[in-house]
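To keep things clear, I will list the structure first and then write my remarks on it.
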Amino acid sequence: MPKILLQTFKFQRRSFIFWTIGIILLVALYISVYPSIRDSSKALTDYLDKLPEAFKSIVGEASTYITPSGYINTEMFSMMLPLIILIYSIGFGSGAISGEEENGTLEIALANPIRRSRILLEKFGALILSVGFLCIIIVLVILIGTKIADMSIPIDKVAAATFSLFLLGVNAGTIALFFGALTGNRGVSIGITAAITVLSFFINILAPAVSGLDKIKEVSLFYHYMGHTPLLNGIYWPSALLFIWVTIILVSFSLVAFSRRDLNV
Amino acid sequence: MAKSVIKTENLTKYYGKNLGVESLNLEIKEGEVFGYLGLNGAGKTTTIRLFLNFINPSSGNVSIFGLDPTKESHKLNDFIGYLPGEVHLYERLSGRDHLKYQASLRNKVDWSYVETLADRFNANLHKPIRSLSHGNKQKIALIAAFMVKPKLLILDEPTTGLDPLIQREFYNLVAEVNKEGTTVFISSHILPEVERICHRVGIIRSGNLVVTEDIENLKKKAIRPIEVHFTKAPKVEIFQKIPGINNPVLHDNILRANIKGTMDPLIKELAKYEVENLITAEPDLEQIFLNYYSGVSDA
């Protein structure tokens, strides 16, 4: 039995309540604004067409923006939902090894006949489970919300976009896990991972406008998360597989980094 | 000859340039209760963390039950019950849930034994750990160390924060499990504690093992304070010649001195005079300890 995984997941119970409330409020807020957006579509379209390129890349085409899918894609999946998932997953990933190490609780498991690799893998499993749990909440809340507001939005596309969000979250969480496993320093782990994701975000939104960035957009987590707009186009498998590969590689590196080093006191 | 349970060979640990322990050669035999004495920062916890492979040696090696912790702690730890020097627990859990979790990471823990231990330590298993006092958290951690019925107990400063009654219960428990064959390694800076429960001690100072000695032998080398009340005292110079005597001071017909090793020469000398009272104390490890630390001992 993966006891450490289960225990770690159990510890999330209380925080899940707050994250779920947050997600519900956020989705409710955006959905409640939607009717007024739709009703003023003409003025809005004119306005959006005048925006600079960089902004357009966030908002998308005006004609798309006023559709339910386009609206939800722009307002929720471009910024707020990834922000929520990233805050959660980076917090989780950095806490998994380095956070527990700093609290002194990592030794509780390590004083037992257990390999360090098992601890790390179970923590990784708990990351997947926890981010996955929040993503399921997101799908449910969006589906229920759009149903109530009578916005028509295809379920499979919501699932695809949320799956992409899930991969983004697990990937960022694993980056944090890796730097935590490497250094045992939670601050370092959060700092580096936050820097990577913020940089990723700006590279992706500025890439269409800045030719230099366009060439390196492939290194951006956000490009692979939403460069192909999964809420409109479904899962873009090359990006999804890249996320999975990078995650596997990072977990392997974490195992190597963590299995031999000294724990911090 | 008893088997050795812990054996270190030139075990050395540096943290960067800072010395943790240096060239530690230590052997703990099966069935021993070994006291590992040293001031804070002397290297006690470093040694223990090396035993559990929380840290890796810079050089030298450790073998516990014939296994190398750096390679096989995932097997070795099955035999070890461990109490950390600084207890950190999952504060949100109750003592019961915490111990259940820890038990789940072991092969088998007899829960009725956990209940027994909780009774003996008068531990509260129901409250969330965050609401417990330092001493009560210490009890949970102690139960966790004992509940696995280990072949080797490694206890880092075990009685910190425990009240005297619980301390006594702890000493009893150590004696009981030792009788059943458990080897015990206790780090401490509390000398009466070590005197009370250990068979042998090692004294560590600035990362170096200064001495290992049977408690009994150590006591023989101990310096005893002595006070002799004379009816009419002779000159102090007479006592200065007695072997083993230290700093004799005569005041108001009372002689005060420290004496090392046997008292016989002093007693023979005292017999020549009229002595009203003779007061001496148990040899105190504290004295020996302080002597090792100040570097004046030639023991």
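Chain labels follow the order of the structure tokens: the first chain is A, the next B, and so on; residue numbering restarts at 1 in every chain, and ligands are counted from 1 in their shown order.
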
Just need the residues of chain B within 7 Å of chain A, counting only C-alpha atoms, so spit them out as a PyMOL selection string. chain B and resi 52+54-56+73-78+82+88-90+104-106

Pick out each residue of range 189-297 of chain B that DSSP on the backbone tags as strand (DSSP E); I need them as a count of residues only. 41

Quick one: residues within 12 Å of Ile144 in chain A, only C-alpha atoms, excluding same-chain residues fewer than 4 positions away - as an MDAnalysis selection string? chainID A and resid 24 27:28 31 137:140 148:153 155 158

Do you know which residues are at most 12 Å from Lys139 in chain B counting only C-alpha atoms, after dropping those on the same chain fewer than 5 positions away, and could you put them as a ChimeraX atom specification? /B:83-84,87,89,95-96,99,114,117-125,129,132-134,144-147,158-163,166-167,169-170

Keeping only N, CA and C atoms, write the selected residues to a file as a tab-separated table (two decimals), in the first residue's frame.
```
chain	number	residue	atom	x	y	z
B	83	LEU	N	14.45	7.71	18.16
B	83	LEU	CA	13.87	8.93	18.71
B	83	LEU	C	14.78	10.09	18.32
B	84	PRO	N	14.27	11.04	17.53
B	84	PRO	CA	15.12	12.16	17.14
B	84	PRO	C	15.38	13.11	18.30
B	87	VAL	N	12.09	16.57	18.21
B	87	VAL	CA	10.92	15.85	17.74
B	87	VAL	C	10.06	16.77	16.87
B	89	LEU	N	6.62	16.40	14.55
B	89	LEU	CA	5.54	15.50	14.17
B	89	LEU	C	4.55	16.24	13.29
B	95	GLY	N	-2.26	11.94	18.26
B	95	GLY	CA	-1.20	10.99	18.57
B	95	GLY	C	-1.50	9.61	18.00
B	96	ARG	N	-2.77	9.21	18.12
B	96	ARG	CA	-3.15	7.90	17.62
B	96	ARG	C	-2.95	7.80	16.11
B	99	LEU	N	0.75	7.69	15.25
B	99	LEU	CA	1.38	6.40	15.52
B	99	LEU	C	0.87	5.33	14.54
B	114	VAL	N	1.17	-0.62	21.86
B	114	VAL	CA	1.13	0.84	21.78
B	114	VAL	C	0.27	1.41	22.90
B	117	LEU	N	2.13	1.18	26.15
B	117	LEU	CA	3.14	2.23	26.24
B	117	LEU	C	2.50	3.59	26.54
B	118	ALA	N	1.38	3.84	25.88
B	118	ALA	CA	0.69	5.12	26.08
B	118	ALA	C	0.24	5.25	27.53
B	119	ASP	N	-0.24	4.13	28.10
B	119	ASP	CA	-0.63	4.13	29.51
B	119	ASP	C	0.56	4.42	30.40
B	120	ARG	N	1.66	3.73	30.12
B	120	ARG	CA	2.82	3.88	31.00
B	120	ARG	C	3.38	5.29	30.95
B	121	PHE	N	3.37	5.88	29.77
B	121	PHE	CA	3.89	7.24	29.64
B	121	PHE	C	2.82	8.29	29.94
B	122	ASN	N	1.61	7.80	30.20
B	122	ASN	CA	0.50	8.71	30.43
B	122	ASN	C	0.36	9.70	29.27
B	123	ALA	N	0.39	9.13	28.06
B	123	ALA	CA	0.33	9.97	26.86
B	123	ALA	C	-1.10	10.15	26.38
B	124	ASN	N	-1.38	11.32	25.90
B	124	ASN	CA	-2.70	11.58	25.34
B	124	ASN	C	-2.66	11.36	23.83
B	125	LEU	N	-3.38	10.31	23.39
B	125	LEU	CA	-3.35	9.97	21.97
B	125	LEU	C	-4.51	10.59	21.20
B	129	ILE	N	-1.80	16.80	17.86
B	129	ILE	CA	-0.46	16.97	18.40
B	129	ILE	C	-0.11	18.44	18.62
B	132	LEU	N	-0.49	19.72	22.07
B	132	LEU	CA	0.26	19.08	23.16
B	132	LEU	C	1.47	19.91	23.55
B	133	SER	N	1.86	19.78	24.82
B	133	SER	CA	3.07	20.44	25.29
B	133	SER	C	4.29	19.71	24.73
B	134	HIS	N	5.42	20.34	24.88
B	134	HIS	CA	6.67	19.74	24.39
B	134	HIS	C	6.88	18.33	24.96
B	144	ALA	N	6.62	5.88	19.58
B	144	ALA	CA	6.93	5.47	18.21
B	144	ALA	C	8.24	4.69	18.16
B	145	ALA	N	9.20	5.10	18.98
B	145	ALA	CA	10.50	4.39	18.98
B	145	ALA	C	10.38	3.01	19.60
B	146	PHE	N	9.60	2.91	20.69
B	146	PHE	CA	9.50	1.63	21.40
B	146	PHE	C	8.52	0.65	20.74
B	147	MET	N	7.47	1.18	20.10
B	147	MET	CA	6.37	0.33	19.66
B	147	MET	C	6.79	-0.70	18.61
B	158	PRO	N	16.75	11.53	25.02
B	158	PRO	CA	15.36	11.05	25.15
B	158	PRO	C	14.52	11.72	26.22
B	159	THR	N	15.10	12.21	27.27
B	159	THR	CA	14.25	12.66	28.38
B	159	THR	C	13.96	14.17	28.36
B	160	THR	N	14.37	14.83	27.29
B	160	THR	CA	14.10	16.27	27.19
B	160	THR	C	12.62	16.55	27.38
B	161	GLY	N	12.30	17.37	28.33
B	161	GLY	CA	10.92	17.81	28.50
B	161	GLY	C	10.02	16.86	29.27
B	162	LEU	N	10.55	15.69	29.66
B	162	LEU	CA	9.72	14.75	30.41
B	162	LEU	C	9.76	15.09	31.90
B	163	ASP	N	8.63	14.95	32.56
B	163	ASP	CA	8.66	15.20	33.99
B	163	ASP	C	9.28	13.99	34.71
B	166	ILE	N	7.71	10.43	34.57
B	166	ILE	CA	7.75	9.81	33.25
B	166	ILE	C	9.19	9.41	32.92
B	167	GLN	N	10.12	10.24	33.35
B	167	GLN	CA	11.53	9.87	33.17
B	167	GLN	C	11.81	8.52	33.82
B	169	GLU	N	9.72	6.16	34.47
B	169	GLU	CA	9.06	5.13	33.67
B	169	GLU	C	9.90	4.79	32.44
B	170	PHE	N	10.47	5.84	31.86
B	170	PHE	CA	11.32	5.64	30.70
B	170	PHE	C	12.56	4.81	31.06
```

Just give me the gap between CA of Thr20 in chain A and CA of Gly169 in chain A in Å, one decimal is fine.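 About the pair CA of Thr20 in chain A and CA of Gly169 in chain A: they are 15.9 Å apart.
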
Test item, alpha helix (DSSP H) assignment across range 100-249 of chain B, answer as number ranges by chain: B: 100-104, 111-121, 134-147, 164-179, 191-197, 215-220, 237-240

Would you kindly return, as a ChimeraX atom specification, each protein, DNA or RNA residue with an atom no farther than 12 Å from any atom of range 239-256 of chain B, considering only C-alpha atoms and excluding same-chain residues fewer than 5 positions away? /B:220-234,261-270,273-280

Excluding Thr12 in chain B and its own-chain neighbours fewer than 2 positions away, which residues fall within 7 Å of it when counting only C-alpha atoms? Please give them as a compact mmCIF listing (two decimals) with N, CA and C atoms, in the first residue's frame.
```
# COMPACT_ATOMS: atom_id res chain seq x y z
N ASN B 10 36.82 4.73 11.69
CA ASN B 10 37.30 6.05 11.27
C ASN B 10 36.19 6.90 10.68
N TYR B 14 32.33 15.82 7.76
CA TYR B 14 32.48 17.28 7.70
C TYR B 14 31.27 17.87 7.01
N VAL B 21 31.99 14.94 13.05
CA VAL B 21 32.73 13.98 13.88
C VAL B 21 33.98 13.57 13.10
N GLU B 22 35.00 13.16 13.83
CA GLU B 22 36.26 12.82 13.18
C GLU B 22 36.79 11.48 13.68
N SER B 23 37.13 10.63 12.73
CA SER B 23 37.79 9.34 13.01
C SER B 23 37.18 8.62 14.20
N LEU B 24 35.87 8.46 14.11
CA LEU B 24 35.16 7.83 15.21
C LEU B 24 35.30 6.31 15.10
N PRO B 57 28.66 9.64 5.35
CA PRO B 57 29.98 9.94 5.91
C PRO B 57 30.89 10.61 4.88
N SER B 58 31.77 11.48 5.36
CA SER B 58 32.79 12.05 4.46
C SER B 58 33.85 10.99 4.19
N SER B 59 34.19 10.22 5.24
CA SER B 59 35.06 9.06 5.05
C SER B 59 34.80 8.09 6.19
N GLY B 60 35.41 6.93 6.09
CA GLY B 60 35.17 5.91 7.10
C GLY B 60 33.83 5.24 6.86
```

Calculate how many Å separate CA of Leu26 in chain B from CA of Asn172 in chain B, rounding to one decimal.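 These atoms are spaced 25.9 Å apart.
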
Å distance separating CA of Leu182 in chain A from CA of Phe258 in chain A, one decimal place: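 Interatomic distance, CA of Leu182 in chain A to CA of Phe258 in chain A: 6.0 Å.
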
Could you name the residues that touch Leu5 in chain A at 8 Å or less, counting only C-alpha atoms, but leaving out those on the same chain fewer than 4 positions away, as a count of residues only? 5
